[in-house]
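Chemist: Questions regarding the structure given below will be posed in turn.
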Amino acid sequence: MLNGASSSGKSTIARSLLPLLPEPWFLVPVDAVNAMRSTTQTRDLPDEQLDEMLRRTRLGYHRVVAGLASAGNDVVMDYPLSERWRLEDLLDVLEPYDVTLVEVRCSLEVLERRERDRGDRSAGLARSQEQGYAVGDCDIAVDTTDRTAEACARTIADEYTTLSPLKAFDRLRAASL
């Protein structure tokens, strides 16, 4: 699971990581699930209804990933843990599975520049997620401020093979009991 603020490089790292892992792995970014949703009627929803619809989408995304894993598939998630309930739900839903938590870091200055350059995110999204996504524990951390996505993907692939069996999700789950 690649966790980081919007525009930190999660998607680019994920695409760079797939060829470095033993096949097959599925890349399931949350943006792909968001793209499946109709937008005609959702554009005009009041804030409360929009928030509830987005929450249902995120809950569904968690279960899509769990469904693929339950059939024996390896999955790369590209997903910001920008709200505490997301982590809590994933700790529960992904409990039977071996989850490697990768924190994708980036300086706020670079996040905001990337956000402006992208033009497909609302201004301020990266800033709002910059502190919120850090869960206090991870298995691997990479920083895209001055490193390419390919270099970060290589670090993840190299470190993935030497991780302890007791991973961040296990420690976070134990701490929440």
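All residue names refer to the structure tokens as shown: chains lettered A, B, ... in order, residues numbered from 1 in each chain, ligands numbered from 1 in order.
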For Leu163 in chain A, list every protein, DNA or RNA residue within 10 Å, evaluated using only C-alpha atoms, and leave out those in the same chain fewer than 4 positions away; present the list as a PyMOL selection string.
Modeler: chain A and resi 100+139-140+158-159+167
Chemist: What lies within 10 Å of Leu94 in chain A using only C-alpha atoms, ignoring chain neighbours under 3 positions off, as a PDB file with N, CA and C atoms, in the first residue's frame?
Modeler:
```pdb
ATOM      1  N   HIS A  62     -11.882  -0.365  -0.435  1.00  0.00           N
ATOM      2  CA  HIS A  62     -11.211  -1.264   0.508  1.00  0.00           C
ATOM      3  C   HIS A  62     -11.626  -2.711   0.246  1.00  0.00           C
ATOM      4  N   ARG A  63     -12.897  -2.910  -0.027  1.00  0.00           N
ATOM      5  CA  ARG A  63     -13.417  -4.259  -0.225  1.00  0.00           C
ATOM      6  C   ARG A  63     -13.065  -4.824  -1.600  1.00  0.00           C
ATOM      7  N   VAL A  65     -10.138  -4.272  -3.033  1.00  0.00           N
ATOM      8  CA  VAL A  65      -8.776  -4.749  -2.805  1.00  0.00           C
ATOM      9  C   VAL A  65      -8.799  -6.060  -2.014  1.00  0.00           C
ATOM     10  N   ALA A  66      -9.617  -6.117  -0.961  1.00  0.00           N
ATOM     11  CA  ALA A  66      -9.714  -7.344  -0.163  1.00  0.00           C
ATOM     12  C   ALA A  66     -10.241  -8.498  -1.011  1.00  0.00           C
ATOM     13  N   GLY A  67     -11.180  -8.217  -1.904  1.00  0.00           N
ATOM     14  CA  GLY A  67     -11.708  -9.257  -2.781  1.00  0.00           C
ATOM     15  C   GLY A  67     -10.634  -9.834  -3.683  1.00  0.00           C
ATOM     16  N   ALA A  69      -7.403  -9.800  -3.094  1.00  0.00           N
ATOM     17  CA  ALA A  69      -6.467 -10.515  -2.222  1.00  0.00           C
ATOM     18  C   ALA A  69      -7.051 -11.851  -1.774  1.00  0.00           C
ATOM     19  N   SER A  70      -8.357 -11.893  -1.519  1.00  0.00           N
ATOM     20  CA  SER A  70      -8.979 -13.134  -1.038  1.00  0.00           C
ATOM     21  C   SER A  70      -8.909 -14.249  -2.078  1.00  0.00           C
ATOM     22  N   ASP A  89     -10.729   1.149   9.042  1.00  0.00           N
ATOM     23  CA  ASP A  89     -11.473   0.186   8.238  1.00  0.00           C
ATOM     24  C   ASP A  89     -10.526  -0.791   7.542  1.00  0.00           C
ATOM     25  N   LEU A  90      -9.425  -0.285   7.001  1.00  0.00           N
ATOM     26  CA  LEU A  90      -8.466  -1.168   6.324  1.00  0.00           C
ATOM     27  C   LEU A  90      -7.811  -2.149   7.287  1.00  0.00           C
ATOM     28  N   LEU A  91      -7.522  -1.729   8.508  1.00  0.00           N
ATOM     29  CA  LEU A  91      -6.960  -2.655   9.495  1.00  0.00           C
ATOM     30  C   LEU A  91      -7.896  -3.824   9.716  1.00  0.00           C
ATOM     31  N   TYR A  97      -4.634 -10.446   5.505  1.00  0.00           N
ATOM     32  CA  TYR A  97      -3.649 -10.352   4.435  1.00  0.00           C
ATOM     33  C   TYR A  97      -2.363  -9.686   4.893  1.00  0.00           C
ATOM     34  N   ASP A  98      -1.287 -10.014   4.226  1.00  0.00           N
ATOM     35  CA  ASP A  98       0.024  -9.451   4.486  1.00  0.00           C
ATOM     36  C   ASP A  98       0.110  -8.096   3.776  1.00  0.00           C
ATOM     37  N   VAL A  99       0.063  -7.010   4.533  1.00  0.00           N
ATOM     38  CA  VAL A  99       0.068  -5.660   3.971  1.00  0.00           C
ATOM     39  C   VAL A  99       1.409  -4.997   4.274  1.00  0.00           C
ATOM     40  N   PHE A 169       1.039  -2.744   9.551  1.00  0.00           N
ATOM     41  CA  PHE A 169      -0.397  -2.971   9.748  1.00  0.00           C
ATOM     42  C   PHE A 169      -0.634  -3.856  10.972  1.00  0.00           C
TER      43      PHE A 169
END
```
Chemist: Determine the nearest neighbour of Gly9 in chain A from the options A:Arg84, A:Arg171, A:Arg55, A:Arg147, counting only C-alpha atoms.
Modeler: A:Arg147
Chemist: Counting only C-alpha atoms, which of A:Met53, A:Ser82, A:Val93, A:Thr144 gets nearest to Arg114 in chain A?
Modeler: A:Thr144
Chemist: Would you pick out the contacts of range 25-39 of chain A at 12 Å or less, using only C-alpha atoms, so that residues sharing its chain but fewer than 5 positions from it are not included, and give the list as a PyMOL selection string?
Modeler: chain A and resi 1-3+6+10-20+44-45+50+53-69+72-81+120-121
Chemist: Extract the full set of strand (DSSP E or B) residues from range 12-139 of chain A according to DSSP on the backbone, and format it as a ChimeraX atom specification.
Modeler: /A:25-29,74-78,102-105
Chemist: When DSSP works through the backbone of this structure, what residues of range 48-140 of chain A end up as alpha helix (DSSP H), shown as a PyMOL selection string?
Modeler: chain A and resi 48-70+84-93+108-118+125-130
Chemist: Could you work out how far CA of Asp146 in chain A lies from CA of Leu111 in chain A, giving the answer in Å with one decimal?
Modeler: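 If I compute the distance from CA of Leu111 in chain A to CA of Asp146 in chain A, I get 11.7 Å.
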